[in-house]
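Report on the structure given below.
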2 protein chains.
Amino acid sequence: MRRDIFQAIADPTRRAIIALIALQAMTPNAIADNFNTTRQAVSKHLRILTECELIKQEHQGREIYYSLEVNKMKEIDKWLEQFRAIWETRFNQLDELLLDMKNQS
Amino acid sequence: MRRDIFQAIADPTRRAIIALIALQAMTPNAIADNFNTTRQAVSKHLRILTECELIKQEHQGREIYYSLEVNKMKEIDKWLEQFRAIWETRFNQLDELLLDMKNQS
DNA sequence: AATTTGCGAAACCAAATGGTTTCACATATA
DNA sequence: TATATGTGAAACCATTTGGTTTCGCAAATT
């Protein structure tokens with residue numbers, strides 16, 4: 001039972017849920033209204049997202065509002081960091097090449 | 001048969017492969033040496049990564065060198081963009097709060 | 001020419017995944 | 001108090017996933 005952020009965002013429905021509640025906290029029923037599945041299926045997605053702390057709950061009477069834990073999203077950004085370094089380096093190398101060509105002319 | 005970037009990076013072994021060949025092109029055997037699985041298993045991962053164009057092949061005799069398609073990685077970055085906006089907004093709100101506190105004192 | 005090496009594909013398998021239906025249990029509302 | 005509503009959990013199921021073993025084939029090496 002893998003349960004990390006990358007596995008969490010692998011499912012398109014979960015990505016949609018994340019995008020939805022990023023804007024405002026929502027209840028499971030309200031979230032489910034936006035998809036073509038049952039509330040229970042959404043509930044299972046919410047559990048997975050909660051388990052890897054990508055979202056948080058706030059109980060309000062018998063309703064539960066789910067909202068995004070934005071900071072957790074930064075972990076994906078952090079993983080991307082190493083590659084960002086590479087694609088920026090490639091840009092730099094292109095810059096140097098262009099500079100060399102300019103100097104030669 | 002889902003085959004998108006997010007599904008591709010969901011598997012930890014695939015993320016490790018990506019990180020490996022980001023530094024230098026490698027053959028399947030060389031890649032497999034770094035993991036506790038068979039070359040064939042790695043081969044299947046490479047196929048998935050190839051199918052969603054995260055990596056590219058370069059044939060050299062009977063060897064095949066795999067390397068990262070760095071630009072494709074940017075698509076993840078692009079998806080993160082919408083959330084980056086949110087977490088930066090929160091920073092701005094904090095900035096404003098601090099500014100207000102400063103003005104009041 | 002015979003053998004070794006590097007590789008992908010196919011067949012197979014156990015485990016994980018994503019969904020459904022049914023249920024139990026609070027909290028509102030009549 | 002009886003009923004409706006919002007929810008998570010459990011049982012179940014088909015499909016997907018990630019792995020292995022076996023195989024065929026082309027390119028190197030002997």
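Going by the structure tokens order, chains are called A, B, ..., each with residues numbered from 1, while ligands are numbered from 1 in the order shown.
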Could you please tell me, as a list in words, which residues of chain D have an atom within 10 Å of chain A when using only C-alpha atoms (C1' of nucleotides)? DT5, DG6, DT7, DG8 and DA9 of chain D
Using DSSP on the backbone, list every residue of chain B that comes out as strand (DSSP E), and give them as a list in words.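 Listing strand (DSSP E) positions across chain B yields Ile55, Lys56, Gln57, Glu58, His59, Gln60, Glu63, Ile64, Tyr65, Tyr66, Ser67 and Leu68 of chain B.
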Would you put the residues from that selection into a file with N, CA and C atoms, as a PDB file, in the first residue's frame?
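Output file part-v2.pdb follows:
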ATOM      1  N   ILE B  55      11.289   9.982 -21.970  1.00  0.00           N
ATOM      2  CA  ILE B  55      12.671   9.641 -22.297  1.00  0.00           C
ATOM      3  C   ILE B  55      12.770   9.331 -23.789  1.00  0.00           C
ATOM      4  N   LYS B  56      13.982   9.317 -24.305  1.00  0.00           N
ATOM      5  CA  LYS B  56      14.187   9.021 -25.724  1.00  0.00           C
ATOM      6  C   LYS B  56      15.310   8.006 -25.879  1.00  0.00           C
ATOM      7  N   GLN B  57      15.288   7.269 -26.997  1.00  0.00           N
ATOM      8  CA  GLN B  57      16.293   6.243 -27.254  1.00  0.00           C
ATOM      9  C   GLN B  57      17.286   6.715 -28.291  1.00  0.00           C
ATOM     10  N   GLU B  58      18.468   6.133 -28.208  1.00  0.00           N
ATOM     11  CA  GLU B  58      19.461   6.373 -29.252  1.00  0.00           C
ATOM     12  C   GLU B  58      20.185   5.051 -29.475  1.00  0.00           C
ATOM     13  N   HIS B  59      19.954   4.442 -30.629  1.00  0.00           N
ATOM     14  CA  HIS B  59      20.559   3.147 -30.933  1.00  0.00           C
ATOM     15  C   HIS B  59      22.030   3.334 -31.292  1.00  0.00           C
ATOM     16  N   GLN B  60      22.843   2.407 -30.776  1.00  0.00           N
ATOM     17  CA  GLN B  60      24.267   2.459 -31.037  1.00  0.00           C
ATOM     18  C   GLN B  60      24.743   1.015 -31.118  1.00  0.00           C
ATOM     19  N   GLU B  63      23.368  -1.785 -28.773  1.00  0.00           N
ATOM     20  CA  GLU B  63      22.987  -1.141 -27.524  1.00  0.00           C
ATOM     21  C   GLU B  63      22.008   0.006 -27.766  1.00  0.00           C
ATOM     22  N   ILE B  64      21.180   0.243 -26.779  1.00  0.00           N
ATOM     23  CA  ILE B  64      20.231   1.350 -26.868  1.00  0.00           C
ATOM     24  C   ILE B  64      20.447   2.258 -25.671  1.00  0.00           C
ATOM     25  N   TYR B  65      20.771   3.508 -25.952  1.00  0.00           N
ATOM     26  CA  TYR B  65      20.981   4.461 -24.870  1.00  0.00           C
ATOM     27  C   TYR B  65      19.714   5.265 -24.630  1.00  0.00           C
ATOM     28  N   TYR B  66      19.303   5.287 -23.382  1.00  0.00           N
ATOM     29  CA  TYR B  66      18.110   6.035 -23.001  1.00  0.00           C
ATOM     30  C   TYR B  66      18.527   7.315 -22.286  1.00  0.00           C
ATOM     31  N   SER B  67      17.850   8.390 -22.630  1.00  0.00           N
ATOM     32  CA  SER B  67      18.147   9.648 -21.941  1.00  0.00           C
ATOM     33  C   SER B  67      16.860  10.436 -21.707  1.00  0.00           C
ATOM     34  N   LEU B  68      16.949  11.369 -20.797  1.00  0.00           N
ATOM     35  CA  LEU B  68      15.761  12.113 -20.378  1.00  0.00           C
ATOM     36  C   LEU B  68      15.345  13.177 -21.392  1.00  0.00           C
TER      37      LEU B  68
END
Write out as a ChimeraX atom specification every residue belonging to chain C that has an atom at most 10 Å from any atom of chain A, counting only C-alpha atoms (C1' of nucleotides). /C:15-21,26-28
When the cut-off is 8 Å and we count only C-alpha atoms, which residues of chain B are near chain A, given as a short mmCIF file (atom, residue, chain, number, x, y, z; two decimals) with C-alpha atoms, in the first residue's frame?
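New file result36.cif:
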data_model
loop_
_atom_site.label_atom_id
_atom_site.label_comp_id
_atom_site.auth_asym_id
_atom_site.auth_seq_id
_atom_site.Cartn_x
_atom_site.Cartn_y
_atom_site.Cartn_z
CA PHE B 6 1.71 11.65 -13.69
CA GLN B 7 1.10 7.95 -13.88
CA ALA B 8 4.66 7.53 -15.14
CA ILE B 9 6.28 9.27 -12.18
CA ALA B 10 4.00 7.53 -9.67
CA ASP B 11 6.32 4.54 -9.48
CA ALA B 22 18.97 12.71 -16.35
CA VAL B 70 13.93 17.25 -20.06
CA ASN B 71 11.34 19.41 -21.75
CA MET B 73 9.34 17.32 -17.32
CA ASP B 77 5.95 22.13 -13.61
CA LEU B 80 2.03 22.94 -10.52
CA PHE B 83 -0.94 25.93 -7.07
CA ILE B 86 -1.96 30.01 -4.49
CA TRP B 87 1.01 29.52 -2.24
#
With all Cα atoms paired residue by residue, do a least-squares superposition of chain B on chain A and hand back the transformed coordinates as a PDB file with C-alpha atoms, in the first residue's frame.
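Here's the written file part.pdb:
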ATOM      1  CA  MET B   1       0.002   0.011   0.398  1.00  0.00           C
ATOM      2  CA  ARG B   2       2.117   2.755  -1.095  1.00  0.00           C
ATOM      3  CA  ARG B   3       0.943   6.119   0.007  1.00  0.00           C
ATOM      4  CA  ASP B   4       3.067   8.953  -1.247  1.00  0.00           C
ATOM      5  CA  ILE B   5       2.299  12.167  -3.083  1.00  0.00           C
ATOM      6  CA  PHE B   6       3.313  10.840  -6.457  1.00  0.00           C
ATOM      7  CA  GLN B   7       0.984   7.905  -6.175  1.00  0.00           C
ATOM      8  CA  ALA B   8      -1.710  10.286  -4.968  1.00  0.00           C
ATOM      9  CA  ILE B   9      -1.537  12.572  -7.993  1.00  0.00           C
ATOM     10  CA  ALA B  10      -1.297   9.652 -10.421  1.00  0.00           C
ATOM     11  CA  ASP B  11      -5.073   9.348 -10.589  1.00  0.00           C
ATOM     12  CA  PRO B  12      -6.776  11.941 -12.818  1.00  0.00           C
ATOM     13  CA  THR B  13      -9.843  12.163 -10.585  1.00  0.00           C
ATOM     14  CA  ARG B  14      -7.636  12.927  -7.600  1.00  0.00           C
ATOM     15  CA  ARG B  15      -5.809  15.615  -9.558  1.00  0.00           C
ATOM     16  CA  ALA B  16      -9.176  17.117 -10.420  1.00  0.00           C
ATOM     17  CA  ILE B  17     -10.244  17.007  -6.770  1.00  0.00           C
ATOM     18  CA  ILE B  18      -7.035  18.732  -5.784  1.00  0.00           C
ATOM     19  CA  ALA B  19      -7.618  21.453  -8.351  1.00  0.00           C
ATOM     20  CA  LEU B  20     -11.219  21.847  -7.159  1.00  0.00           C
ATOM     21  CA  ILE B  21     -10.574  22.275  -3.461  1.00  0.00           C
ATOM     22  CA  ALA B  22      -7.512  24.383  -4.124  1.00  0.00           C
ATOM     23  CA  LEU B  23      -9.915  27.225  -4.822  1.00  0.00           C
ATOM     24  CA  GLN B  24     -12.218  26.665  -1.847  1.00  0.00           C
ATOM     25  CA  ALA B  25     -12.941  24.107   0.847  1.00  0.00           C
ATOM     26  CA  MET B  26     -15.669  21.665  -0.152  1.00  0.00           C
ATOM     27  CA  THR B  27     -17.702  18.806   1.318  1.00  0.00           C
ATOM     28  CA  PRO B  28     -17.515  15.272  -0.141  1.00  0.00           C
ATOM     29  CA  ASN B  29     -21.011  15.599  -1.604  1.00  0.00           C
ATOM     30  CA  ALA B  30     -20.197  18.902  -3.254  1.00  0.00           C
ATOM     31  CA  ILE B  31     -17.017  17.420  -4.685  1.00  0.00           C
ATOM     32  CA  ALA B  32     -18.797  14.310  -5.933  1.00  0.00           C
ATOM     33  CA  ASP B  33     -21.293  16.490  -7.819  1.00  0.00           C
ATOM     34  CA  ASN B  34     -18.441  17.391 -10.139  1.00  0.00           C
ATOM     35  CA  PHE B  35     -17.670  13.836 -11.115  1.00  0.00           C
ATOM     36  CA  ASN B  36     -19.339  10.882 -12.676  1.00  0.00           C
ATOM     37  CA  THR B  37     -18.910   8.624  -9.655  1.00  0.00           C
ATOM     38  CA  THR B  38     -20.498   7.981  -6.295  1.00  0.00           C
ATOM     39  CA  ARG B  39     -19.747   9.992  -3.180  1.00  0.00           C
ATOM     40  CA  GLN B  40     -18.204   6.882  -1.672  1.00  0.00           C
ATOM     41  CA  ALA B  41     -15.668   6.656  -4.466  1.00  0.00           C
ATOM     42  CA  VAL B  42     -14.774  10.294  -3.905  1.00  0.00           C
ATOM     43  CA  SER B  43     -14.575   9.537  -0.207  1.00  0.00           C
ATOM     44  CA  LYS B  44     -11.937   6.907  -0.892  1.00  0.00           C
ATOM     45  CA  HIS B  45      -9.921   9.390  -2.929  1.00  0.00           C
ATOM     46  CA  LEU B  46     -10.206  11.899  -0.106  1.00  0.00           C
ATOM     47  CA  ARG B  47      -8.904   9.297   2.311  1.00  0.00           C
ATOM     48  CA  ILE B  48      -5.859   8.652   0.172  1.00  0.00           C
ATOM     49  CA  LEU B  49      -5.208  12.366  -0.218  1.00  0.00           C
ATOM     50  CA  THR B  50      -5.630  12.834   3.527  1.00  0.00           C
ATOM     51  CA  GLU B  51      -3.279   9.973   4.334  1.00  0.00           C
ATOM     52  CA  CYS B  52      -0.446  11.603   2.453  1.00  0.00           C
ATOM     53  CA  GLU B  53      -1.401  14.972   3.955  1.00  0.00           C
ATOM     54  CA  LEU B  54      -2.161  16.641   0.660  1.00  0.00           C
ATOM     55  CA  ILE B  55      -5.512  17.828   2.002  1.00  0.00           C
ATOM     56  CA  LYS B  56      -6.974  18.626   5.416  1.00  0.00           C
ATOM     57  CA  GLN B  57     -10.438  18.356   6.971  1.00  0.00           C
ATOM     58  CA  GLU B  58     -12.465  20.841   8.911  1.00  0.00           C
ATOM     59  CA  HIS B  59     -15.581  19.529  10.645  1.00  0.00           C
ATOM     60  CA  GLN B  60     -18.585  21.810  10.701  1.00  0.00           C
ATOM     61  CA  GLY B  61     -21.626  20.200  12.241  1.00  0.00           C
ATOM     62  CA  ARG B  62     -22.234  17.018  10.299  1.00  0.00           C
ATOM     63  CA  GLU B  63     -20.403  18.343   7.292  1.00  0.00           C
ATOM     64  CA  ILE B  64     -16.709  17.963   6.628  1.00  0.00           C
ATOM     65  CA  TYR B  65     -14.924  20.556   4.548  1.00  0.00           C
ATOM     66  CA  TYR B  66     -11.836  19.441   2.694  1.00  0.00           C
ATOM     67  CA  SER B  67      -9.195  21.870   1.552  1.00  0.00           C
ATOM     68  CA  LEU B  68      -5.774  21.721  -0.025  1.00  0.00           C
ATOM     69  CA  GLU B  69      -2.583  21.601   2.002  1.00  0.00           C
ATOM     70  CA  VAL B  70      -0.742  23.820  -0.430  1.00  0.00           C
ATOM     71  CA  ASN B  71       2.604  23.407   1.256  1.00  0.00           C
ATOM     72  CA  LYS B  72       2.591  19.691   0.633  1.00  0.00           C
ATOM     73  CA  MET B  73       2.382  20.389  -3.084  1.00  0.00           C
ATOM     74  CA  LYS B  74       5.799  21.952  -2.822  1.00  0.00           C
ATOM     75  CA  GLU B  75       7.301  18.507  -2.327  1.00  0.00           C
ATOM     76  CA  ILE B  76       6.581  17.751  -5.953  1.00  0.00           C
ATOM     77  CA  ASP B  77       8.206  21.019  -6.846  1.00  0.00           C
ATOM     78  CA  LYS B  78      11.170  20.005  -4.730  1.00  0.00           C
ATOM     79  CA  TRP B  79      11.563  16.721  -6.591  1.00  0.00           C
ATOM     80  CA  LEU B  80      11.428  18.586  -9.884  1.00  0.00           C
ATOM     81  CA  GLU B  81      14.262  20.781  -8.701  1.00  0.00           C
ATOM     82  CA  GLN B  82      16.994  18.367  -9.812  1.00  0.00           C
ATOM     83  CA  PHE B  83      15.621  18.305 -13.348  1.00  0.00           C
ATOM     84  CA  ARG B  84      15.017  22.012 -13.423  1.00  0.00           C
ATOM     85  CA  ALA B  85      18.755  22.308 -12.891  1.00  0.00           C
ATOM     86  CA  ILE B  86      19.313  20.220 -16.005  1.00  0.00           C
ATOM     87  CA  TRP B  87      16.940  22.027 -18.290  1.00  0.00           C
ATOM     88  CA  GLU B  88      18.246  25.367 -17.125  1.00  0.00           C
ATOM     89  CA  THR B  89      21.808  24.207 -17.749  1.00  0.00           C
ATOM     90  CA  ARG B  90      20.836  23.394 -21.304  1.00  0.00           C
ATOM     91  CA  PHE B  91      19.483  26.892 -21.645  1.00  0.00           C
ATOM     92  CA  ASN B  92      22.748  28.263 -20.326  1.00  0.00           C
ATOM     93  CA  GLN B  93      24.691  26.161 -22.818  1.00  0.00           C
ATOM     94  CA  LEU B  94      22.549  27.641 -25.535  1.00  0.00           C
ATOM     95  CA  ASP B  95      23.250  31.095 -24.181  1.00  0.00           C
ATOM     96  CA  GLU B  96      26.975  30.391 -24.294  1.00  0.00           C
ATOM     97  CA  LEU B  97      26.702  29.078 -27.816  1.00  0.00           C
ATOM     98  CA  LEU B  98      24.890  32.190 -28.938  1.00  0.00           C
ATOM     99  CA  LEU B  99      27.466  34.320 -27.157  1.00  0.00           C
ATOM    100  CA  ASP B 100      30.312  32.482 -28.923  1.00  0.00           C
ATOM    101  CA  MET B 101      28.633  32.964 -32.277  1.00  0.00           C
ATOM    102  CA  LYS B 102      28.247  36.639 -31.544  1.00  0.00           C
ATOM    103  CA  ASN B 103      31.883  37.012 -30.533  1.00  0.00           C
ATOM    104  CA  GLN B 104      33.058  35.267 -33.673  1.00  0.00           C
ATOM    105  CA  SER B 105      31.127  37.520 -36.007  1.00  0.00           C
TER     106      SER B 105
END
Correct to one decimal, the distance C1' of DG24 (chain D)-C1' of DA1 (chain C) is 19.6 Å
Can you pull out every residue within 12 Å of DT30 (chain D), counting only C-alpha atoms (C1' of nucleotides), but drop anything in the same chain fewer than 5 positions away, and send it as number ranges by chain? C: 1-4
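Distance check against DA11 (chain C) using only C-alpha atoms (C1' of nucleotides): of D:DT3, D:DT22, D:DT29, D:DT16, the minimum falls on D:DT22.
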Calculate how many Å separate C1' of DT17 (chain D) from C1' of DT22 (chain C), rounding to one decimal.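 Distance between the two atoms: 28.2 Å.
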Do you have the C1' of DT15 (chain D)-C1' of DA10 (chain C) distance handy? 19.3 Å
